[in-house]
$ cat my_file-v1.cif   # mmCIF, C-alpha atoms
data_run
#
loop_
_atom_site.label_atom_id
_atom_site.label_comp_id
_atom_site.auth_asym_id
_atom_site.auth_seq_id
_atom_site.Cartn_x
_atom_site.Cartn_y
_atom_site.Cartn_z
CA MET A 1 -75.72 1.10 35.70
CA LEU A 2 -73.84 -1.83 34.18
CA VAL A 3 -70.22 -1.36 33.07
CA GLU A 4 -67.81 -3.51 31.09
CA LEU A 5 -64.16 -2.79 31.80
CA SER A 6 -61.25 -3.92 29.66
CA MET A 7 -57.60 -2.93 30.16
CA VAL A 8 -54.58 -3.61 27.96
CA PRO A 9 -51.14 -2.60 29.26
CA LEU A 10 -48.57 -2.24 26.47
CA GLY A 11 -44.89 -2.99 26.46
CA SER A 12 -44.87 -5.98 28.80
CA GLY A 13 -45.25 -9.20 26.87
CA GLU A 14 -48.26 -10.89 25.38
CA SER A 15 -49.78 -12.39 28.56
CA LEU A 16 -52.24 -10.21 30.46
CA LYS A 17 -53.17 -12.51 33.33
CA GLU A 18 -50.92 -10.92 35.97
CA PRO A 19 -52.12 -7.34 35.29
CA VAL A 20 -55.74 -8.54 35.19
CA ALA A 21 -55.29 -10.33 38.53
CA SER A 22 -53.90 -7.22 40.24
CA VAL A 23 -56.88 -5.19 39.04
CA LEU A 24 -59.34 -7.93 40.01
CA ASN A 25 -58.23 -7.69 43.61
CA LEU A 26 -59.22 -4.01 43.66
CA ILE A 27 -62.60 -4.77 42.10
CA ASP A 28 -63.23 -7.58 44.58
CA GLN A 29 -62.38 -5.33 47.53
CA SER A 30 -64.83 -2.65 46.32
CA GLY A 31 -67.78 -4.79 47.33
CA LEU A 32 -69.58 -4.00 44.05
CA PRO A 33 -71.21 -6.91 42.17
CA TYR A 34 -68.93 -8.04 39.32
CA GLN A 35 -68.29 -10.86 36.88
CA LEU A 36 -65.00 -11.70 35.16
CA THR A 37 -65.45 -12.92 31.57
CA ALA A 38 -62.91 -14.03 28.98
CA MET A 39 -63.00 -10.53 27.42
CA GLY A 40 -63.43 -8.12 30.34
CA THR A 41 -64.99 -7.52 33.73
CA LEU A 42 -68.64 -6.56 34.25
CA ILE A 43 -69.33 -4.27 37.23
CA GLU A 44 -72.68 -2.97 38.49
CA GLY A 45 -73.09 0.25 40.50
CA GLU A 46 -73.71 3.98 40.40
CA TRP A 47 -71.57 6.27 38.19
CA ASP A 48 -69.40 7.76 40.94
CA GLU A 49 -68.57 4.51 42.75
CA VAL A 50 -67.85 2.57 39.54
CA MET A 51 -65.79 5.36 37.97
CA SER A 52 -63.78 5.88 41.16
CA LEU A 53 -62.99 2.15 41.19
CA ILE A 54 -62.00 2.18 37.50
CA ARG A 55 -59.74 5.18 38.13
CA SER A 56 -57.92 3.17 40.83
CA CYS A 57 -57.60 0.16 38.53
CA HIS A 58 -56.24 2.29 35.68
CA GLN A 59 -53.73 4.11 37.92
CA THR A 60 -52.54 0.78 39.33
CA LEU A 61 -51.71 -0.51 35.86
CA ARG A 62 -50.16 2.82 34.83
CA ARG A 63 -47.75 2.65 37.77
CA SER A 64 -46.37 -0.63 36.40
CA HIS A 65 -46.70 0.08 32.64
CA ARG A 66 -45.80 3.10 30.53
CA ARG A 67 -48.92 2.82 28.37
CA VAL A 68 -52.39 1.47 29.16
CA ILE A 69 -55.43 1.29 26.88
CA THR A 70 -58.62 1.15 28.97
CA THR A 71 -62.08 0.63 27.49
CA ILE A 72 -65.24 1.36 29.50
CA LYS A 73 -68.68 0.51 28.12
CA ILE A 74 -71.64 1.77 30.12
CA ASP A 75 -75.24 0.57 29.77
CA ASP A 76 -77.36 2.96 31.84
CA ARG A 77 -81.10 2.37 31.84
CA GLU A 78 -83.87 4.10 33.79
CA GLY A 79 -85.07 2.03 36.73
CA ALA A 80 -82.88 -0.95 35.86
CA CYS A 81 -81.31 -2.92 38.71
CA ASP A 82 -79.71 -6.33 39.11
CA ARG A 83 -78.72 -6.24 35.41
CA LEU A 84 -75.63 -8.37 35.85
CA THR A 85 -77.83 -11.47 35.99
CA GLY A 86 -81.14 -9.92 34.87
CA LYS A 87 -80.15 -9.12 31.27
CA VAL A 88 -79.22 -12.72 30.50
CA ARG A 89 -82.45 -13.95 32.16
CA ASP A 90 -84.50 -11.53 30.00
CA VAL A 91 -82.99 -12.96 26.81
CA GLU A 92 -83.50 -16.52 28.06
CA SER A 93 -87.12 -15.64 28.77
CA ALA A 94 -87.54 -14.26 25.22
CA LEU A 95 -85.91 -17.43 23.85
CA GLY A 96 -87.99 -19.73 26.04
CA ARG A 97 -84.95 -21.68 27.26
CA ARG A 98 -81.81 -21.52 29.41
CA LEU A 99 -78.43 -20.68 27.91
CA LYS A 100 -74.92 -21.83 28.75
CA THR A 101 -73.47 -18.92 30.79
CA MET B 1 -54.42 11.16 28.04
CA LEU B 2 -56.39 10.73 24.83
CA VAL B 3 -60.03 9.61 25.04
CA GLU B 4 -62.55 8.52 22.42
CA LEU B 5 -66.17 9.02 23.46
CA SER B 6 -69.18 7.45 21.77
CA MET B 7 -72.78 7.68 23.00
CA VAL B 8 -75.88 5.90 21.72
CA PRO B 9 -79.25 6.88 23.23
CA LEU B 10 -81.91 4.17 22.73
CA GLY B 11 -85.63 4.51 22.16
CA SER B 12 -85.60 7.69 20.08
CA GLY B 13 -85.39 6.92 16.39
CA GLU B 14 -82.45 6.02 14.21
CA SER B 15 -80.88 9.46 13.83
CA LEU B 16 -78.32 10.48 16.42
CA LYS B 17 -77.32 13.92 15.15
CA GLU B 18 -79.45 15.94 17.60
CA PRO B 19 -78.19 14.08 20.72
CA VAL B 20 -74.60 14.31 19.43
CA ALA B 21 -75.00 18.05 18.85
CA SER B 22 -76.27 18.67 22.40
CA VAL B 23 -73.27 16.82 23.83
CA LEU B 24 -70.83 18.57 21.46
CA ASN B 25 -71.83 21.92 22.92
CA LEU B 26 -70.76 20.72 26.39
CA ILE B 27 -67.45 19.43 25.05
CA ASP B 28 -66.79 22.68 23.19
CA GLN B 29 -67.50 24.74 26.31
CA SER B 30 -65.04 22.64 28.36
CA GLY B 31 -62.10 24.25 26.58
CA LEU B 32 -60.39 20.85 26.18
CA PRO B 33 -58.88 20.01 22.77
CA TYR B 34 -61.27 17.75 20.84
CA GLN B 35 -62.07 16.40 17.39
CA LEU B 36 -65.43 15.12 16.14
CA THR B 37 -65.13 12.13 13.80
CA ALA B 38 -67.78 10.11 11.97
CA MET B 39 -67.65 7.48 14.76
CA GLY B 40 -67.08 9.42 17.99
CA THR B 41 -65.39 12.38 19.61
CA LEU B 42 -61.71 12.46 20.58
CA ILE B 43 -60.86 14.51 23.69
CA GLU B 44 -57.44 15.19 25.23
CA GLY B 45 -56.89 16.01 28.90
CA GLU B 46 -56.19 14.68 32.39
CA TRP B 47 -58.35 11.89 33.90
CA ASP B 48 -60.40 14.04 36.27
CA GLU B 49 -61.23 16.83 33.82
CA VAL B 50 -62.10 14.47 30.94
CA MET B 51 -64.17 12.12 33.13
CA SER B 52 -66.05 15.00 34.74
CA LEU B 53 -66.93 16.27 31.26
CA ILE B 54 -68.03 12.82 30.09
CA ARG B 55 -70.20 12.47 33.22
CA SER B 56 -71.98 15.73 32.27
CA CYS B 57 -72.45 14.55 28.67
CA HIS B 58 -73.84 11.20 29.79
CA GLN B 59 -76.24 12.76 32.32
CA THR B 60 -77.47 15.23 29.68
CA LEU B 61 -78.44 12.38 27.35
CA ARG B 62 -79.94 10.35 30.20
CA ARG B 63 -82.26 13.24 31.09
CA SER B 64 -83.76 13.06 27.58
CA HIS B 65 -83.53 9.27 27.02
CA ARG B 66 -84.42 6.29 29.20
CA ARG B 67 -81.37 4.29 28.12
CA VAL B 68 -77.92 5.41 27.00
CA ILE B 69 -74.95 3.25 25.97
CA THR B 70 -71.69 5.19 26.43
CA THR B 71 -68.31 3.88 25.34
CA ILE B 72 -65.07 5.46 26.59
CA LYS B 73 -61.70 4.36 25.21
CA ILE B 74 -58.64 5.76 26.97
CA ASP B 75 -55.10 5.74 25.61
CA ASP B 76 -52.85 6.86 28.47
CA ARG B 77 -49.12 6.96 27.80
CA GLU B 78 -46.27 8.16 29.97
CA GLY B 79 -45.01 11.59 28.96
CA ALA B 80 -47.31 11.83 25.92
CA CYS B 81 -48.83 15.18 25.07
CA ASP B 82 -50.49 16.74 22.04
CA ARG B 83 -51.58 13.24 20.95
CA LEU B 84 -54.73 14.41 19.17
CA THR B 85 -52.59 15.52 16.23
CA GLY B 86 -49.27 13.89 17.21
CA LYS B 87 -50.37 10.25 16.81
CA VAL B 88 -51.40 10.74 13.20
CA ARG B 89 -48.15 12.64 12.48
CA ASP B 90 -46.11 9.76 13.98
CA VAL B 91 -47.76 7.26 11.62
CA GLU B 92 -47.28 9.61 8.67
CA SER B 93 -43.63 9.89 9.61
CA ALA B 94 -43.28 6.08 9.72
CA LEU B 95 -45.02 5.88 6.33
CA GLY B 96 -42.93 8.65 4.84
CA ARG B 97 -45.98 10.52 3.50
CA ARG B 98 -49.04 12.56 4.46
CA LEU B 99 -52.46 10.93 4.88
CA LYS B 100 -55.94 12.18 4.18
CA THR B 101 -57.28 13.19 7.62
CA MET C 1 -71.46 1.02 5.87
CA LEU C 2 -68.98 2.92 8.00
CA VAL C 3 -66.38 0.98 10.00
CA GLU C 4 -63.89 1.98 12.68
CA LEU C 5 -60.88 -0.32 12.93
CA SER C 6 -58.45 -0.45 15.84
CA MET C 7 -55.62 -2.96 16.27
CA VAL C 8 -53.32 -3.54 19.23
CA PRO C 9 -50.47 -6.04 18.84
CA LEU C 10 -49.15 -7.32 22.18
CA GLY C 11 -45.66 -8.27 23.21
CA SER C 12 -43.73 -5.72 21.15
CA GLY C 13 -43.13 -2.55 23.12
CA GLU C 14 -45.38 0.38 23.85
CA SER C 15 -45.19 2.17 20.49
CA LEU C 16 -47.75 1.18 17.87
CA LYS C 17 -46.79 3.49 15.02
CA GLU C 18 -44.84 0.91 12.97
CA PRO C 19 -47.62 -1.74 13.08
CA VAL C 20 -50.23 0.93 12.29
CA ALA C 21 -48.17 2.14 9.32
CA SER C 22 -47.87 -1.37 7.85
CA VAL C 23 -51.65 -1.82 8.06
CA LEU C 24 -52.31 1.67 6.65
CA ASN C 25 -50.49 0.73 3.48
CA LEU C 26 -52.94 -2.14 2.92
CA ILE C 27 -55.93 0.12 3.58
CA ASP C 28 -54.58 2.76 1.21
CA GLN C 29 -54.05 0.20 -1.55
CA SER C 30 -57.65 -1.06 -1.21
CA GLY C 31 -58.97 2.10 -2.82
CA LEU C 32 -61.75 2.37 -0.21
CA PRO C 33 -62.38 5.80 1.35
CA TYR C 34 -60.68 6.00 4.76
CA GLN C 35 -59.54 8.41 7.45
CA LEU C 36 -56.80 7.83 10.03
CA THR C 37 -57.61 9.33 13.44
CA ALA C 38 -55.63 9.38 16.69
CA MET C 39 -57.67 6.37 17.93
CA GLY C 40 -58.31 4.23 14.86
CA THR C 41 -59.01 4.17 11.15
CA LEU C 42 -62.43 4.86 9.62
CA ILE C 43 -63.23 2.94 6.42
CA GLU C 44 -66.34 3.16 4.25
CA GLY C 45 -67.57 0.33 2.00
CA GLU C 46 -69.76 -2.74 1.69
CA TRP C 47 -69.52 -5.59 4.23
CA ASP C 48 -67.58 -8.06 2.08
CA GLU C 49 -64.98 -5.61 0.75
CA VAL C 50 -64.34 -4.00 4.16
CA MET C 51 -64.20 -7.30 6.04
CA SER C 52 -61.87 -8.84 3.48
CA LEU C 53 -59.55 -5.85 3.91
CA ILE C 54 -59.69 -6.09 7.71
CA ARG C 55 -58.89 -9.81 7.51
CA SER C 56 -55.73 -8.96 5.53
CA CYS C 57 -54.75 -6.26 8.03
CA HIS C 58 -55.27 -8.60 10.98
CA GLN C 59 -53.33 -11.46 9.39
CA THR C 60 -50.47 -9.09 8.55
CA LEU C 61 -50.11 -8.08 12.20
CA ARG C 62 -50.51 -11.68 13.40
CA ARG C 63 -47.59 -12.78 11.23
CA SER C 64 -45.31 -10.34 13.11
CA HIS C 65 -46.93 -10.61 16.60
CA ARG C 66 -48.03 -13.58 18.70
CA ARG C 67 -51.17 -11.82 19.94
CA VAL C 68 -53.35 -9.14 18.33
CA ILE C 69 -56.48 -7.49 19.73
CA THR C 70 -58.60 -6.11 16.87
CA THR C 71 -61.74 -4.03 17.41
CA ILE C 72 -64.23 -3.43 14.59
CA LYS C 73 -67.17 -1.07 15.06
CA ILE C 74 -69.75 -1.02 12.27
CA ASP C 75 -72.41 1.65 11.73
CA ASP C 76 -74.72 0.31 9.03
CA ARG C 77 -77.68 2.50 8.07
CA GLU C 78 -80.29 2.05 5.35
CA GLY C 79 -79.64 4.25 2.34
CA ALA C 80 -76.67 6.00 3.94
CA CYS C 81 -73.71 6.88 1.75
CA ASP C 82 -70.74 9.21 2.00
CA ARG C 83 -70.91 8.92 5.82
CA LEU C 84 -67.20 9.45 6.35
CA THR C 85 -67.69 13.18 5.84
CA GLY C 86 -71.51 13.31 5.93
CA LYS C 87 -71.97 12.39 9.61
CA VAL C 88 -69.79 15.26 10.82
CA ARG C 89 -71.58 17.68 8.45
CA ASP C 90 -74.98 16.55 9.83
CA VAL C 91 -73.91 17.36 13.38
CA GLU C 92 -72.46 20.71 12.26
CA SER C 93 -75.76 21.47 10.56
CA ALA C 94 -77.68 20.63 13.78
CA LEU C 95 -75.25 22.85 15.73
CA GLY C 96 -75.45 25.68 13.21
CA ARG C 97 -71.66 26.02 12.97
CA ARG C 98 -68.46 24.38 11.72
CA LEU C 99 -66.33 22.21 14.04
CA LYS C 100 -62.59 21.65 14.24
CA THR C 101 -62.05 18.30 12.48
CA MET D 1 -59.63 -16.87 18.26
CA LEU D 2 -61.99 -15.43 20.84
CA VAL D 3 -64.57 -12.84 19.75
CA GLU D 4 -66.94 -10.58 21.66
CA LEU D 5 -70.00 -9.52 19.67
CA SER D 6 -72.34 -6.68 20.60
CA MET D 7 -75.21 -5.37 18.45
CA VAL D 8 -77.42 -2.33 18.96
CA PRO D 9 -80.35 -1.80 16.56
CA LEU D 10 -81.57 1.80 16.50
CA GLY D 11 -85.06 3.18 16.07
CA SER D 12 -87.00 0.42 17.85
CA GLY D 13 -87.45 1.24 21.51
CA GLU D 14 -85.10 0.93 24.44
CA SER D 15 -85.36 -2.84 25.03
CA LEU D 16 -82.92 -5.05 23.14
CA LYS D 17 -83.92 -8.48 24.41
CA GLU D 18 -86.00 -9.52 21.36
CA PRO D 19 -83.27 -8.59 18.81
CA VAL D 20 -80.64 -10.29 20.99
CA ALA D 21 -82.76 -13.44 21.20
CA SER D 22 -83.18 -13.65 17.40
CA VAL D 23 -79.42 -13.41 16.95
CA LEU D 24 -78.72 -15.89 19.75
CA ASN D 25 -80.66 -18.55 17.87
CA LEU D 26 -78.30 -18.16 14.91
CA ILE D 27 -75.25 -18.37 17.16
CA ASP D 28 -76.60 -21.45 18.91
CA GLN D 29 -77.29 -23.19 15.59
CA SER D 30 -73.71 -22.51 14.40
CA GLY D 31 -72.37 -25.13 16.79
CA LEU D 32 -69.50 -22.82 17.84
CA PRO D 33 -68.74 -22.51 21.58
CA TYR D 34 -70.33 -19.31 22.94
CA GLN D 35 -71.33 -17.54 26.14
CA LEU D 36 -74.00 -14.86 26.53
CA THR D 37 -73.03 -12.16 29.05
CA ALA D 38 -74.90 -9.06 30.23
CA MET D 39 -72.90 -6.94 27.75
CA GLY D 40 -72.40 -9.14 24.68
CA THR D 41 -71.82 -12.62 23.37
CA LEU D 42 -68.45 -14.38 23.41
CA ILE D 43 -67.78 -16.78 20.51
CA GLU D 44 -64.74 -18.98 19.89
CA GLY D 45 -63.65 -20.18 16.46
CA GLU D 46 -61.55 -19.53 13.38
CA TRP D 47 -61.77 -16.16 11.53
CA ASP D 48 -63.84 -17.34 8.56
CA GLU D 49 -66.43 -19.33 10.52
CA VAL D 50 -66.91 -16.65 13.20
CA MET D 51 -67.07 -13.77 10.71
CA SER D 52 -69.51 -15.62 8.47
CA LEU D 53 -71.76 -16.17 11.52
CA ILE D 54 -71.49 -12.50 12.55
CA ARG D 55 -72.38 -11.44 8.99
CA SER D 56 -75.58 -13.51 9.24
CA CYS D 57 -76.42 -12.03 12.65
CA HIS D 58 -75.85 -8.49 11.40
CA GLN D 59 -77.92 -8.98 8.24
CA THR D 60 -80.75 -10.49 10.29
CA LEU D 61 -80.96 -7.38 12.46
CA ARG D 62 -80.61 -5.06 9.45
CA ARG D 63 -83.62 -6.68 7.79
CA SER D 64 -85.77 -5.65 10.78
CA HIS D 65 -84.05 -2.32 11.63
CA ARG D 66 -82.95 0.60 9.47
CA ARG D 67 -79.73 1.12 11.45
CA VAL D 68 -77.56 -1.33 13.38
CA ILE D 69 -74.34 -0.64 15.30
CA THR D 70 -72.28 -3.82 15.59
CA THR D 71 -69.08 -4.08 17.63
CA ILE D 72 -66.66 -6.99 17.17
CA LYS D 73 -63.65 -7.40 19.46
CA ILE D 74 -61.17 -10.11 18.50
CA ASP D 75 -58.47 -11.56 20.75
CA ASP D 76 -56.28 -13.72 18.53
CA ARG D 77 -53.31 -15.41 20.18
CA GLU D 78 -50.78 -17.87 18.78
CA GLY D 79 -51.49 -21.43 19.88
CA ALA D 80 -54.37 -20.45 22.16
CA CYS D 81 -57.39 -22.74 22.37
CA ASP D 82 -60.29 -23.21 24.75
CA ARG D 83 -60.00 -19.52 25.73
CA LEU D 84 -63.68 -19.10 26.53
CA THR D 85 -63.11 -20.82 29.86
CA GLY D 86 -59.29 -20.89 29.91
CA LYS D 87 -58.74 -17.12 30.23
CA VAL D 88 -60.81 -16.88 33.40
CA ARG D 89 -59.03 -19.95 34.84
CA ASP D 90 -55.63 -18.37 34.12
CA VAL D 91 -56.57 -15.26 36.11
CA GLU D 92 -57.96 -17.38 38.95
CA SER D 93 -54.70 -19.30 38.99
CA ALA D 94 -52.71 -16.03 39.21
CA LEU D 95 -55.02 -14.88 42.03
CA GLY D 96 -54.84 -18.19 43.87
CA ARG D 97 -58.63 -18.42 44.22
CA ARG D 98 -61.91 -18.98 42.37
CA LEU D 99 -64.01 -16.04 41.13
CA LYS D 100 -67.76 -15.60 40.79
CA THR D 101 -68.42 -16.13 37.05
#

$ encode --input "my_file-v1.cif" --output "structure tokens"
Amino acid sequence: MLVELSMVPLGSGESLKEPVASVLNLIDQSGLPYQLTAMGTLIEGEWDEVMSLIRSCHQTLRRSHRRVITTIKIDDREGACDRLTGKVRDVESALGRRLKT
Amino acid sequence: MLVELSMVPLGSGESLKEPVASVLNLIDQSGLPYQLTAMGTLIEGEWDEVMSLIRSCHQTLRRSHRRVITTIKIDDREGACDRLTGKVRDVESALGRRLKT
Amino acid sequence: MLVELSMVPLGSGESLKEPVASVLNLIDQSGLPYQLTAMGTLIEGEWDEVMSLIRSCHQTLRRSHRRVITTIKIDDREGACDRLTGKVRDVESALGRRLKT
Amino acid sequence: MLVELSMVPLGSGESLKEPVASVLNLIDQSGLPYQLTAMGTLIEGEWDEVMSLIRSCHQTLRRSHRRVITTIKIDDREGACDRLTGKVRDVESALGRRLKT
């Protein structure tokens, strides 16, 4: 399944780049395919491995912040694999051209 | 922590009330405090118990649908409890009046 | 259409009840049907009236905070009206019993 | 401001690539900077121009589907510009290395 993860720690200033970086290290070490975007991080994997990783990310931010808002969006489709790059290619194919990605 | 759960099964018509009802039964049986709203279900509990419940709900819908989009929003705050009703009361207190809820 | 609005101002401490209260006053004055929940505010209305209201809410928070994350979820269904209370009743009807709401 | 747009039309099968492609054409013609990801489309611009574009995208899908769920996430930060690429660069800078994007 494909997952989009977004985390907002509260009470620590308006910049989020340091908290995002600390969480990105955990995601990178997991070995799961991922992509950082300007609005979140896309991760591909099975439920248990992705959710275990997200739990670690959330707990890491909660240790340094008193309040964390975490949003997880899951797109789970029968027989789908390699969706991190495949979904964009499918739309490009329907459009008949390449997109800026 | 407080969690908002929203699930959209694809490929089965525009009405979602039957899938929502099947998932609501699981949530009700969990014994966790919850509230159904017009846009999702709020659940209060610890990470492991809430996420285990959401996993069951998601798998239930995936058995009957080939694609399911599940969104989980977590508000996790140090020392917070009874947030399902307490958050609305806090805002009412700041406003100095009761709200329609 | 039915809309769920959630706003998180950054850089101002972990409590959100004062910013939420200031925005709730605007929503209340709009005259549109709404419901405050523990995770957001549900508003019912046509696109232009709801979006104009949300623009005012967002600008109000941006005047007092340097960064605001606003999430708007729209459920727009042909011929649907009175969804703020009707969607929950539909699920209760499918379940054959009343829910805690 | 930076906006993430996600649209799910209901009642038309499990594949979303054709609806996404029809909306992508509108976004491309707007001239606003955008990026298609596996979970949504990121768009950068001022409130009125981005929201007017999203209104057109939503209405286009509603003409061909009886129910559409549209999610709009806005990250609006004082003085921020070029965030579509700048936010990822900021995290890379905090990490001290380049990421797969």

$ resolve_selection --input "my_file-v1.cif" --expression "the PyMOL selection byres ((chain D and resi 81) around 12)" --output "mmCIF file with C-alpha atoms, in the frame of the given file"
data_model
loop_
_atom_site.group_PDB
_atom_site.id
_atom_site.type_symbol
_atom_site.label_atom_id
_atom_site.label_comp_id
_atom_site.auth_asym_id
_atom_site.auth_seq_id
_atom_site.Cartn_x
_atom_site.Cartn_y
_atom_site.Cartn_z
ATOM 1 C CA MET D 1 -59.630 -16.870 18.260
ATOM 2 C CA LEU D 2 -61.990 -15.430 20.840
ATOM 3 C CA PRO D 33 -68.740 -22.510 21.580
ATOM 4 C CA GLU D 44 -64.740 -18.980 19.890
ATOM 5 C CA GLY D 45 -63.650 -20.180 16.460
ATOM 6 C CA GLU D 46 -61.550 -19.530 13.380
ATOM 7 C CA ASP D 75 -58.470 -11.560 20.750
ATOM 8 C CA ASP D 76 -56.280 -13.720 18.530
ATOM 9 C CA ARG D 77 -53.310 -15.410 20.180
ATOM 10 C CA GLU D 78 -50.780 -17.870 18.780
ATOM 11 C CA GLY D 79 -51.490 -21.430 19.880
ATOM 12 C CA ALA D 80 -54.370 -20.450 22.160
ATOM 13 C CA ASP D 82 -60.290 -23.210 24.750
ATOM 14 C CA ARG D 83 -60.000 -19.520 25.730
ATOM 15 C CA LEU D 84 -63.680 -19.100 26.530
ATOM 16 C CA THR D 85 -63.110 -20.820 29.860
ATOM 17 C CA GLY D 86 -59.290 -20.890 29.910
ATOM 18 C CA LYS D 87 -58.740 -17.120 30.230
#

$ atom_distance --input "my_file-v1.cif" --atom1 "atom CA of D:Ser6" --atom2 "atom CA of D:Met39"
7.2 Å

$ interface_residues --input "my_file-v1.cif" --of "chain D" --to "chain B" --cutoff "7 Å" --atoms "only C-alpha atoms" --output "mmCIF file with C-alpha atoms, in the frame of the given file"
data_model
loop_
_atom_site.group_PDB
_atom_site.id
_atom_site.type_symbol
_atom_site.label_atom_id
_atom_site.label_comp_id
_atom_site.auth_asym_id
_atom_site.auth_seq_id
_atom_site.Cartn_x
_atom_site.Cartn_y
_atom_site.Cartn_z
ATOM 1 C CA LEU D 10 -81.570 1.800 16.500
ATOM 2 C CA GLY D 11 -85.060 3.180 16.070
ATOM 3 C CA SER D 12 -87.000 0.420 17.850
ATOM 4 C CA GLY D 13 -87.450 1.240 21.510
ATOM 5 C CA GLU D 14 -85.100 0.930 24.440
ATOM 6 C CA ARG D 67 -79.730 1.120 11.450
#

$ resolve_selection --input "my_file-v1.cif" --expression "the PyMOL selection byres ((chain D and resi 20) around 10)" --output "PDB file with C-alpha atoms, keeping the file's coordinate frame"
ATOM      1  CA  VAL A  88     -79.220 -12.720  30.500  1.00  0.00           C
ATOM      2  CA  ASP A  90     -84.500 -11.530  30.000  1.00  0.00           C
ATOM      3  CA  VAL A  91     -82.990 -12.960  26.810  1.00  0.00           C
ATOM      4  CA  GLU A  92     -83.500 -16.520  28.060  1.00  0.00           C
ATOM      5  CA  ALA A  94     -87.540 -14.260  25.220  1.00  0.00           C
ATOM      6  CA  LEU A  95     -85.910 -17.430  23.850  1.00  0.00           C
TER       7      LEU A  95
ATOM      8  CA  SER D   6     -72.340  -6.680  20.600  1.00  0.00           C
ATOM      9  CA  MET D   7     -75.210  -5.370  18.450  1.00  0.00           C
ATOM     10  CA  VAL D   8     -77.420  -2.330  18.960  1.00  0.00           C
ATOM     11  CA  PRO D   9     -80.350  -1.800  16.560  1.00  0.00           C
ATOM     12  CA  SER D  15     -85.360  -2.840  25.030  1.00  0.00           C
ATOM     13  CA  LEU D  16     -82.920  -5.050  23.140  1.00  0.00           C
ATOM     14  CA  LYS D  17     -83.920  -8.480  24.410  1.00  0.00           C
ATOM     15  CA  GLU D  18     -86.000  -9.520  21.360  1.00  0.00           C
ATOM     16  CA  PRO D  19     -83.270  -8.590  18.810  1.00  0.00           C
ATOM     17  CA  ALA D  21     -82.760 -13.440  21.200  1.00  0.00           C
ATOM     18  CA  SER D  22     -83.180 -13.650  17.400  1.00  0.00           C
ATOM     19  CA  VAL D  23     -79.420 -13.410  16.950  1.00  0.00           C
ATOM     20  CA  LEU D  24     -78.720 -15.890  19.750  1.00  0.00           C
ATOM     21  CA  ASN D  25     -80.660 -18.550  17.870  1.00  0.00           C
ATOM     22  CA  LEU D  36     -74.000 -14.860  26.530  1.00  0.00           C
ATOM     23  CA  GLY D  40     -72.400  -9.140  24.680  1.00  0.00           C
ATOM     24  CA  THR D  41     -71.820 -12.620  23.370  1.00  0.00           C
ATOM     25  CA  CYS D  57     -76.420 -12.030  12.650  1.00  0.00           C
ATOM     26  CA  LEU D  61     -80.960  -7.380  12.460  1.00  0.00           C
TER      27      LEU D  61
END

$ atom_distance --input "my_file-v1.cif" --atom1 "atom CA of D:Ala38" --atom2 "atom CA of D:Arg98"
20.4 Å

$ atom_distance --input "my_file-v1.cif" --atom1 "atom CA of A:Val50" --atom2 "atom CA of A:Leu32"
8.2 Å

$ resolve_selection --input "my_file-v1.cif" --expression "the PyMOL selection byres ((chain A and resi 4) around 6)" --output "list of chain:residue names"
A:Val3, A:Leu5, A:Thr41, A:Leu42, A:Ile72, A:Lys73
